[in-house]
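**Q** Structure incoming, see below.
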Amino acid sequence: MTDNQRNGFLGSVGRFFFLPTDPSTLGFMRIMAGVLLLYVHLAYSFDLKALVGPNAWWDHQAANIQRREAPHIPTPFGWSTFEPTLYLDDAPHRRTAILEFLRRLPEAASERKVLLRYLSRIFDLTPRDVRDGLFLSNSAGLLFDRDAQGAQVRAALGAPEVPETGSPVTIPDFIRVLQPKERLLVWEDVLAFNSTLPDNTEDREYILGWLGNYPYNRRAKLIQFLVGERPENGPDFSLPSNPSERAEFLEIEDRWATDSRQAASKGTSVFSQWYHLTNSMTIWVVHIAALVVFFLFTIGLWTRVVSVLAWTLALSYIQRGQISLFGQDTMQTILMTYLMIGPSGAALSIDALRKRFRASRSLLATPGRSIPWAEAVLAGPQRTWLANLAIRLVQINFCLVYASSGVSKLKGTTWWEHSASWLVISNPEFGPIRYPAYEWILRHLAESRTGMAIIAAIVSGFTLTIELGFPTLVWTRLRPFVVMGSIMLHLGIAVIMGLNVFSLYMFALLLCYMPAKLIRDRVGYAPGQGKKMTVHFDSRSKQAIRKCSVMRAVDVANQITFVDSPAKDGPSDTVKLTDPSGKILIGAELYAAALRELVLLKPVRLCGHIPGVWPIIQACFGR
Amino acid sequence: MQTKPRQVLVGEVPVLPPAAVWAVGLIVAGLTLAAWAAGMAGGLGGALAILAALAAGCGASLRPSPIDASLDEPPVSTHTIWVIGLIGLGLTLVAFVTGVVFGAPRQGFGVHPSDGPRALLAIVGFLVAGCAVSMRPGWYGGWLCAAACGVIGYGFGGSPPAGTEWYLAPPRDWHSALPNSWDSVQLYFGVGGVACLIGAIWTRLPRKAIFCLVLLGVGYHFSSILSAITSPPPTPLVSDHYWARVARPYVQFAYMNNAYQFYSPDPGPACQLWACIEYKTEDPDGPKDFNWITVVDRKNEYIDPLGLTYYRRLSITENTTQSMPAGYSPLAEEHEKILARRALAARDRIPRTFLNENLEYLLPNHLISRQILPSYARHIAHHLAQPGKAVKSVKIYRVIHSSIKLNLFRGFDPSTGEKVEGFSPYDPSLYLPFFQGEFDANGRLVDPTAEMLYWYVPILKERPLPPGGWNSPEYHRNGGFKKYYRDYVSEHAGCPRPQE
């Protein structure tokens, strides 16, 4: 059963996602992503502790609190709105006074009910009476001689008719209309309520101001909250009685202006070792280990494990440094995610060469015998459905990036009137306007209003055309043109806005639209390239097979013909290479010739000029 | 001599009957759902449970089809995989036992001396088990070892007491190979463990079922990204609910929650942060010791050739720009006092400008005022403290570097229609500083009722610049910035700001 038959049951969707594909494109994307990843994280070295250390800009204290606590309250289902348990003032000094007031309220709900009876009474009245009632509380708190002046108030309240004068506080109308006995009870309630307020005049005014301005239709619920009578559908949304629970509740209210009991969830599902490492030495060791992982990812060694590690480590920098991220980190994550899913190490990698080595060894050890898997490996990267899936995921995600970016620009007036392009090219923090030559050019262009308008129109129009057109046109025959357009756009972004790494990541992503054959032809080496050579070896010698397997693994252009020539006097370890000029070479000269002639090793050959490298090669392969 | 290629079944083991697949799938789903119900894995656990159940269902409903694997390299023996996988599992178990033996805290996030070695052992264990998976991904043994490492690394424990789910520190015993102070890595292990469990089941599934499940996964993945894309206001209700209830744990975990709305709807101006650091002095009446820093400063912070260090700093400043949502109005009483305090400052020294109040007073949102700015202040205080010189306070100004309008750049006055001297994009009056507060070294706002808190502190041009602008020799000959501009930021900070 072929792969086509296996995924045929899903029709065109199955073919789109699961048709086996050459992983060369992914391999090249891995190299590009790896180089960028290395660069990005080497750049972290300049600012490592300021970005991920315990005292970073976004330090452990703040980051861990945000990660563990941040409450999330989704919009309710149906025709209801979210009502916070408590409305607090945003001004820090007022909020502090109110939280202190709440902290000092008695633990027992019954006691709170008694002390807050006055508040409960006035909150049932008209806004004017509420204002007068709170004014009375404030006046009562300001009495300098509470005994004597309190007696005066009591006398006034106990009279059949409250006198207009003679009381040190103004008696509100809603009290005046009561019976004397009841008035005195209200006064006792005022004093009880005042006992919950701070002595500090300013703080008391903040609390009374908060109560006076509390949303009118929420006041009943505030009272219920304060006196411990606000259980709703199970959970109790009242002020917690337990001191530690209350302290925690108030702490979260202070930090997040939210009652976390109302939250559907709290915290963010992020991970990073940087949230936990505090020791400088450890931080550097982990950072260097990460750089090693990124290097292994780039060269494609142990890629299946290393790609997951690289994704994890790259993400851990991002999750920790949330305040220092920009577009390139988003693109990096997209790239790394899909390169982790796909077999990015199956081509253009050390892993691929190692697999070729194993295949060569199997074939050379059994001359004349067919080993399908080994022959398939030596024929080039094997097509897999996973490679196609990964490529498709990158392609779709890239289209989503462009579609979102393009559509959201349509909401902005500056993109419609074309001034957006001027705002971008003249931005002093991003653009090259700091260079006098660039400013000089802009000033001369600006002399012509029409000329500038045309340039602005072209830049804005081109940006919108590419971003809006790409997601659809890239699936048509126009793909090469829109990909070129996209490259031009990001080239412009790199030059004009200085976002070089972002643009490089976009280029790496754009590779997903390039056919594997193109990548192989331009980056890899197709069979037939280079000069032909012949190697004679004795298949009975393990040593000889090992040497030949190494050569065959790196002979990606099939330049060498391997001939099994058993020695007459028993197994021989000697391998003989006939170079393109017909000269027979053995030992170190053989490897020198291989380095000189094998197309894949051409770049490596240059390393031979580095002092000490050649003796090492001789020591390893000279025998 | 040629031999017939050997027909190899997937993983060289017989495919399980549908009933067994059902059983395994349902057990995994049940366990994951139980974990979810216990609040161990939140929404993510639920999503994975559903995936596991789907995997089981598809496995049972589709007939397994053997795959001709003659073109695949002969896999590593299962014995080797078991050895490597169990070494990984063993290391993780050692980390677990170490925690128990050394009495590491089981509640809260407190640190313990054994935390480092335990974390290292658990991580290496998971990595080794992961290597076992990679050596033979088609066989479930490696997956199961890795899954066990993940689950032990995530941990287990009792449910929190009823009604206390909102506690900061979990009021329950939590046992894990990883220390509880490494809770974010515990989460990673948990996700990895469940993913490996699913992987183990998938190795037993026919290709068709895998394709179906992959398509479901792709659908979930891109729908989650779409909900993130459409989540910036105005947010459609569907996106709001989907993002909040279904996609959030996943997109946050995988950092796929970007809306991709670059330079949208309009390109905005860049921001800087200016901070005036005051050091403690022995003599409170003696001369004060100040220092200024500017973030971002291209000259000093463009370190690497491609400028990443610089753009990261720029992002740090960008994170202070969000103001309170439109329509927000402070308490009327406080609003009056804010205006009164500003009037007091205006009478004394810092004038209000032509800008209206909505542009002159920008209240940052809660996250910025309560978390980000205090954190920045702590960082600056820590970073700039010197031996024998402790930081007393840090005054922070958020500075909007306004984009220059084309007509100003060209030198055209639209009100008169006449040509005037062209502005430089770096003209000091284009910098709009907003005072963000004075913080102590612990990040506490020193005076929440400061006169200028969140107000624009102007830099005003006092007299016309000479021909050629601020780059002309005459400008510098006449005294430069101090002669032509009045810097109220310096006056407000009580210390002259260095001029670049």
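Each chain of the structure tokens is named A, B, ... in the order shown, its residues numbered from 1; ligands are numbered from 1 in display order.
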Skip Ala228 in chain B itself and residues of its chain fewer than 4 positions away, then list as a compact mmCIF listing (two decimals) with all heavy atoms, in the first residue's frame all residues within 10 Å of it, counting only C-alpha atoms.
**A**
# COMPACT_ATOMS: atom_id res chain seq x y z
N PHE B 222 -4.90 25.96 14.25
CA PHE B 222 -5.15 27.19 13.50
C PHE B 222 -6.39 27.94 14.00
O PHE B 222 -6.44 29.16 13.92
CB PHE B 222 -5.23 26.90 12.00
CG PHE B 222 -3.87 26.67 11.40
CD1 PHE B 222 -3.56 25.48 10.78
CD2 PHE B 222 -2.89 27.64 11.48
CE1 PHE B 222 -2.30 25.27 10.24
CE2 PHE B 222 -1.63 27.42 10.95
CZ PHE B 222 -1.34 26.24 10.34
N SER B 223 -7.36 27.21 14.51
CA SER B 223 -8.50 27.95 15.08
C SER B 223 -8.05 28.71 16.32
O SER B 223 -8.54 29.82 16.59
CB SER B 223 -9.65 26.99 15.41
OG SER B 223 -9.21 26.02 16.34
N SER B 224 -7.12 28.14 17.07
CA SER B 224 -6.60 28.85 18.24
C SER B 224 -5.84 30.10 17.81
O SER B 224 -5.99 31.17 18.41
CB SER B 224 -5.66 27.94 19.04
OG SER B 224 -6.35 26.80 19.46
N PRO B 232 -7.70 41.16 19.61
CA PRO B 232 -7.62 42.59 19.94
C PRO B 232 -8.97 43.28 19.69
O PRO B 232 -9.68 42.90 18.76
CB PRO B 232 -6.55 43.13 18.99
CG PRO B 232 -5.76 41.95 18.57
CD PRO B 232 -6.74 40.81 18.57
N THR B 235 -13.38 42.82 19.84
CA THR B 235 -13.28 41.36 19.79
C THR B 235 -14.64 40.74 19.51
O THR B 235 -15.61 41.03 20.22
CB THR B 235 -12.77 40.83 21.13
OG1 THR B 235 -11.66 41.61 21.54
CG2 THR B 235 -12.37 39.37 21.04
N SER B 239 -14.76 34.73 19.20
CA SER B 239 -13.32 34.68 19.45
C SER B 239 -13.02 34.81 20.93
O SER B 239 -12.15 34.12 21.46
CB SER B 239 -12.61 35.82 18.73
OG SER B 239 -12.65 35.63 17.37
N ASP B 240 -13.75 35.70 21.57
CA ASP B 240 -13.54 35.94 23.00
C ASP B 240 -13.73 34.64 23.77
O ASP B 240 -12.88 34.24 24.57
CB ASP B 240 -14.55 37.00 23.45
CG ASP B 240 -14.25 37.49 24.86
OD1 ASP B 240 -13.10 37.35 25.28
OD2 ASP B 240 -15.18 37.97 25.53
N TYR B 242 -13.88 31.52 22.56
CA TYR B 242 -13.01 30.43 22.10
C TYR B 242 -11.61 30.61 22.67
O TYR B 242 -11.00 29.66 23.17
CB TYR B 242 -12.97 30.40 20.57
CG TYR B 242 -12.31 29.14 20.03
CD1 TYR B 242 -13.02 27.96 19.90
CD2 TYR B 242 -10.97 29.13 19.66
CE1 TYR B 242 -12.42 26.80 19.43
CE2 TYR B 242 -10.35 27.98 19.19
CZ TYR B 242 -11.09 26.83 19.07
OH TYR B 242 -10.50 25.68 18.62
N TRP B 243 -11.11 31.84 22.60
CA TRP B 243 -9.76 32.09 23.10
C TRP B 243 -9.70 31.82 24.61
O TRP B 243 -8.79 31.16 25.08
CB TRP B 243 -9.35 33.53 22.81
CG TRP B 243 -7.91 33.80 23.14
CD1 TRP B 243 -6.84 33.58 22.33
CD2 TRP B 243 -7.39 34.29 24.37
NE1 TRP B 243 -5.68 33.90 22.99
CE2 TRP B 243 -5.97 34.34 24.24
CE3 TRP B 243 -7.95 34.69 25.58
CZ2 TRP B 243 -5.15 34.78 25.26
CZ3 TRP B 243 -7.12 35.12 26.60
CH2 TRP B 243 -5.73 35.16 26.44
N ALA B 244 -10.71 32.35 25.31
CA ALA B 244 -10.66 32.25 26.76
C ALA B 244 -10.87 30.84 27.27
O ALA B 244 -10.25 30.42 28.25
CB ALA B 244 -11.72 33.18 27.37
N ALA B 247 -8.68 27.97 23.68
CA ALA B 247 -7.35 28.12 23.06
C ALA B 247 -6.28 28.63 24.01
O ALA B 247 -5.11 28.37 23.83
CB ALA B 247 -7.47 29.08 21.88
N ARG B 248 -6.68 29.37 25.02
CA ARG B 248 -5.71 30.12 25.84
C ARG B 248 -4.56 29.28 26.38
O ARG B 248 -3.38 29.65 26.18
CB ARG B 248 -6.44 30.85 26.97
CG ARG B 248 -5.63 31.93 27.63
CD ARG B 248 -6.49 32.68 28.62
NE ARG B 248 -6.78 31.86 29.77
CZ ARG B 248 -6.06 31.87 30.89
NH1 ARG B 248 -5.02 32.66 30.98
NH2 ARG B 248 -6.36 31.11 31.90
N VAL B 251 -2.22 28.35 23.33
CA VAL B 251 -1.48 29.41 22.63
C VAL B 251 -0.51 30.12 23.55
O VAL B 251 0.54 30.59 23.12
CB VAL B 251 -2.43 30.44 21.94
CG1 VAL B 251 -3.18 29.80 20.81
CG2 VAL B 251 -3.37 31.09 22.92
N GLN B 252 -0.83 30.16 24.84
CA GLN B 252 0.13 30.76 25.78
C GLN B 252 1.33 29.85 25.95
O GLN B 252 2.48 30.30 25.96
CB GLN B 252 -0.53 31.01 27.13
CG GLN B 252 -1.39 32.26 27.14
CD GLN B 252 -1.99 32.53 28.50
OE1 GLN B 252 -2.06 31.66 29.35
NE2 GLN B 252 -2.45 33.75 28.70
N MET B 256 1.85 31.13 20.73
CA MET B 256 1.22 31.30 19.43
C MET B 256 0.10 32.34 19.54
O MET B 256 -0.84 32.32 18.76
CB MET B 256 0.62 29.97 18.95
CG MET B 256 1.65 28.97 18.49
SD MET B 256 2.22 29.38 16.84
CE MET B 256 3.54 28.22 16.61
N ASN B 257 0.19 33.19 20.57
CA ASN B 257 -0.92 34.11 20.82
C ASN B 257 -0.70 35.51 20.27
O ASN B 257 -1.26 36.47 20.76
CB ASN B 257 -1.22 34.19 22.33
CG ASN B 257 0.02 34.47 23.13
OD1 ASN B 257 1.11 34.42 22.60
ND2 ASN B 257 -0.12 34.75 24.41
N ASN B 258 0.14 35.62 19.24
CA ASN B 258 0.35 36.93 18.66
C ASN B 258 -0.74 37.20 17.62
O ASN B 258 -1.13 36.30 16.87
CB ASN B 258 1.72 36.97 17.99
CG ASN B 258 2.18 38.38 17.70
OD1 ASN B 258 1.55 39.10 16.95
ND2 ASN B 258 3.27 38.78 18.33
N ALA B 259 -1.19 38.45 17.59
CA ALA B 259 -2.25 38.79 16.63
C ALA B 259 -1.70 39.18 15.27
O ALA B 259 -2.46 39.42 14.34
CB ALA B 259 -3.11 39.91 17.18
N TYR B 260 -0.40 39.24 15.14
CA TYR B 260 0.28 39.58 13.89
C TYR B 260 -0.14 40.93 13.32
O TYR B 260 -0.11 41.13 12.11
CB TYR B 260 0.01 38.51 12.81
CG TYR B 260 0.26 37.08 13.22
CD1 TYR B 260 -0.61 36.07 12.86
CD2 TYR B 260 1.37 36.72 13.97
CE1 TYR B 260 -0.40 34.75 13.24
CE2 TYR B 260 1.59 35.41 14.36
CZ TYR B 260 0.70 34.44 13.98
OH TYR B 260 0.92 33.14 14.36
**Q** DSSP on the backbone, then: every residue of range 112-225 of chain B marked alpha helix (DSSP H), written as a PyMOL selection string.
**A** chain B and resi 115-135+140-154+183-202+207-225
**Q** Using only C-alpha atoms, which chain B residues lie at most 7 Å away from chain A, written as a PyMOL selection string?
**A** chain B and resi 1-3+5+67+70-73+130-131+134+163+166+168+182+184-185+187-188+208+229+241+244+249+252-253+258+260-262+264-267+270+304+306+308-309+312-313+315-316+319+370-372+375-376+379+403+410+425+448
**Q** Identify, on the basis of only C-alpha atoms, every residue whose closest approach to Asp189 in chain A does not exceed 10 Å; exclude the query and any residue fewer than 3 positions from it along the same chain; express the result as an NGL selection string.
**A** :A and (114-119 or 121 or 137 or 183-186 or 192-195)
**Q** Would you write out those residues with N, CA, C and O atoms, as a PDB file, in the first residue's frame?
**A**
ATOM      1  N   VAL A 114     -23.009  44.180  62.745  1.00  0.00           N
ATOM      2  CA  VAL A 114     -23.401  45.175  63.753  1.00  0.00           C
ATOM      3  C   VAL A 114     -22.697  46.495  63.482  1.00  0.00           C
ATOM      4  O   VAL A 114     -23.315  47.563  63.471  1.00  0.00           O
ATOM      5  N   LEU A 115     -21.413  46.406  63.237  1.00  0.00           N
ATOM      6  CA  LEU A 115     -20.637  47.633  63.067  1.00  0.00           C
ATOM      7  C   LEU A 115     -21.025  48.387  61.797  1.00  0.00           C
ATOM      8  O   LEU A 115     -20.912  49.609  61.739  1.00  0.00           O
ATOM      9  N   LEU A 116     -21.463  47.662  60.794  1.00  0.00           N
ATOM     10  CA  LEU A 116     -21.770  48.305  59.514  1.00  0.00           C
ATOM     11  C   LEU A 116     -23.271  48.541  59.340  1.00  0.00           C
ATOM     12  O   LEU A 116     -23.733  48.786  58.230  1.00  0.00           O
ATOM     13  N   ARG A 117     -24.001  48.460  60.446  1.00  0.00           N
ATOM     14  CA  ARG A 117     -25.452  48.624  60.346  1.00  0.00           C
ATOM     15  C   ARG A 117     -25.810  50.013  59.814  1.00  0.00           C
ATOM     16  O   ARG A 117     -26.745  50.187  59.030  1.00  0.00           O
ATOM     17  N   TYR A 118     -25.050  51.011  60.230  1.00  0.00           N
ATOM     18  CA  TYR A 118     -25.326  52.371  59.775  1.00  0.00           C
ATOM     19  C   TYR A 118     -25.150  52.476  58.257  1.00  0.00           C
ATOM     20  O   TYR A 118     -25.986  53.068  57.566  1.00  0.00           O
ATOM     21  N   LEU A 119     -24.070  51.872  57.760  1.00  0.00           N
ATOM     22  CA  LEU A 119     -23.818  51.900  56.312  1.00  0.00           C
ATOM     23  C   LEU A 119     -24.951  51.200  55.571  1.00  0.00           C
ATOM     24  O   LEU A 119     -25.444  51.664  54.541  1.00  0.00           O
ATOM     25  N   ARG A 121     -27.938  50.941  56.552  1.00  0.00           N
ATOM     26  CA  ARG A 121     -29.149  51.766  56.617  1.00  0.00           C
ATOM     27  C   ARG A 121     -29.117  52.869  55.553  1.00  0.00           C
ATOM     28  O   ARG A 121     -30.071  53.050  54.803  1.00  0.00           O
ATOM     29  N   SER A 137     -21.005  60.908  59.400  1.00  0.00           N
ATOM     30  CA  SER A 137     -19.960  60.010  59.905  1.00  0.00           C
ATOM     31  C   SER A 137     -18.627  60.736  59.972  1.00  0.00           C
ATOM     32  O   SER A 137     -17.892  60.632  60.955  1.00  0.00           O
ATOM     33  N   ARG A 183     -33.423  57.801  66.836  1.00  0.00           N
ATOM     34  CA  ARG A 183     -32.314  58.675  66.459  1.00  0.00           C
ATOM     35  C   ARG A 183     -31.062  58.328  67.254  1.00  0.00           C
ATOM     36  O   ARG A 183     -29.953  58.265  66.735  1.00  0.00           O
ATOM     37  N   LEU A 184     -31.297  58.091  68.542  1.00  0.00           N
ATOM     38  CA  LEU A 184     -30.147  57.773  69.398  1.00  0.00           C
ATOM     39  C   LEU A 184     -29.517  56.439  68.992  1.00  0.00           C
ATOM     40  O   LEU A 184     -28.300  56.284  69.024  1.00  0.00           O
ATOM     41  N   LEU A 185     -30.378  55.519  68.584  1.00  0.00           N
ATOM     42  CA  LEU A 185     -29.839  54.229  68.124  1.00  0.00           C
ATOM     43  C   LEU A 185     -28.997  54.418  66.857  1.00  0.00           C
ATOM     44  O   LEU A 185     -27.929  53.816  66.702  1.00  0.00           O
ATOM     45  N   VAL A 186     -29.486  55.306  65.976  1.00  0.00           N
ATOM     46  CA  VAL A 186     -28.733  55.579  64.753  1.00  0.00           C
ATOM     47  C   VAL A 186     -27.382  56.194  65.102  1.00  0.00           C
ATOM     48  O   VAL A 186     -26.342  55.866  64.523  1.00  0.00           O
ATOM     49  N   ALA A 192     -20.427  53.275  65.957  1.00  0.00           N
ATOM     50  CA  ALA A 192     -19.918  51.916  65.719  1.00  0.00           C
ATOM     51  C   ALA A 192     -19.245  51.846  64.347  1.00  0.00           C
ATOM     52  O   ALA A 192     -18.157  51.269  64.192  1.00  0.00           O
ATOM     53  N   PHE A 193     -19.912  52.447  63.369  1.00  0.00           N
ATOM     54  CA  PHE A 193     -19.319  52.464  62.022  1.00  0.00           C
ATOM     55  C   PHE A 193     -17.986  53.209  62.023  1.00  0.00           C
ATOM     56  O   PHE A 193     -16.997  52.773  61.425  1.00  0.00           O
ATOM     57  N   ASN A 194     -17.963  54.315  62.736  1.00  0.00           N
ATOM     58  CA  ASN A 194     -16.727  55.112  62.779  1.00  0.00           C
ATOM     59  C   ASN A 194     -15.574  54.350  63.433  1.00  0.00           C
ATOM     60  O   ASN A 194     -14.411  54.623  63.144  1.00  0.00           O
ATOM     61  N   SER A 195     -15.935  53.397  64.300  1.00  0.00           N
ATOM     62  CA  SER A 195     -14.860  52.635  64.943  1.00  0.00           C
ATOM     63  C   SER A 195     -14.134  51.739  63.947  1.00  0.00           C
ATOM     64  O   SER A 195     -13.024  51.278  64.212  1.00  0.00           O
TER      65      SER A 195
END
**Q** Rank nothing, just name the residue among B:Val194, B:Gly443, B:Ala146, B:Lys389 nearest to Asp289 in chain B, using only C-alpha atoms.
**A**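 Result for the nearest residue to Asp289 in chain B: B:Lys389.
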**Q** I want to know what sits within 10 Å of Leu136 in chain A, based on only C-alpha atoms, with residues of the same chain fewer than 5 positions away left out; could you give that as number ranges by chain?
**A** A: 130-131, 141-142, 169-172, 187, 190
**Q** Those same residues, written as a PDB file, in the first residue's frame with C-alpha atoms?
**A**
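Generated file (out.pdb):
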ATOM      1  CA  VAL A 130     -26.244  58.819  51.491  1.00  0.00           C
ATOM      2  CA  ARG A 131     -24.061  61.872  51.009  1.00  0.00           C
ATOM      3  CA  GLY A 141     -15.023  61.375  63.432  1.00  0.00           C
ATOM      4  CA  LEU A 142     -13.738  64.936  63.613  1.00  0.00           C
ATOM      5  CA  VAL A 169     -22.594  67.948  63.878  1.00  0.00           C
ATOM      6  CA  THR A 170     -25.201  68.522  61.206  1.00  0.00           C
ATOM      7  CA  ILE A 171     -28.062  66.113  61.653  1.00  0.00           C
ATOM      8  CA  PRO A 172     -29.311  64.877  58.279  1.00  0.00           C
ATOM      9  CA  TRP A 187     -26.141  57.738  66.472  1.00  0.00           C
ATOM     10  CA  VAL A 190     -22.697  55.981  63.468  1.00  0.00           C
TER      11      VAL A 190
END
**Q** Which residues, written as a list of chain:residue names, have at least one atom at most 7 Å from range 592-603 of chain A, with only C-alpha atoms counted and residues fewer than 2 positions away on the same chain left out?
**A**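 In the requested form, the answer reads A:Gly530, A:Lys531, A:Val554, A:Asp555, A:Val556, A:Asp579, A:Ala588, A:Glu589, A:Leu590, A:Arg605, A:Leu606.
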**Q** Find the spatial neighbours of range 104-111 of chain A, counting only C-alpha atoms, within a cut-off of 8 Å - ignore same-chain residues fewer than 6 positions away - and output them as a VMD selection string.
**A** chain A and resid 196 227 to 228 240 to 243
**Q** Please report the interatomic distance between CA of Leu157 in chain A and CA of Leu178 in chain A in Å with one decimal.
**A**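 CA of Leu178 in chain A lies 9.5 Å from CA of Leu157 in chain A.
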**Q** What is the distance between CA of Asn300 in chain B and CA of Lys461 in chain B, in Å to one decimal?
**A** 27.2 Å
**Q** Enter the distance from CA of Tyr361 in chain B to CA of Phe434 in chain B, in Å, rounded to one decimal.
**A**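 Distance between the two atoms: 7.9 Å.
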**Q** Of the residues B:Phe109, B:Phe96, B:Trp139, B:Tyr454, which is the one nearest to Tyr154 in chain B, using only C-alpha atoms?
**A**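 Of the candidates, the smallest distance to Tyr154 in chain B is held by B:Phe96.
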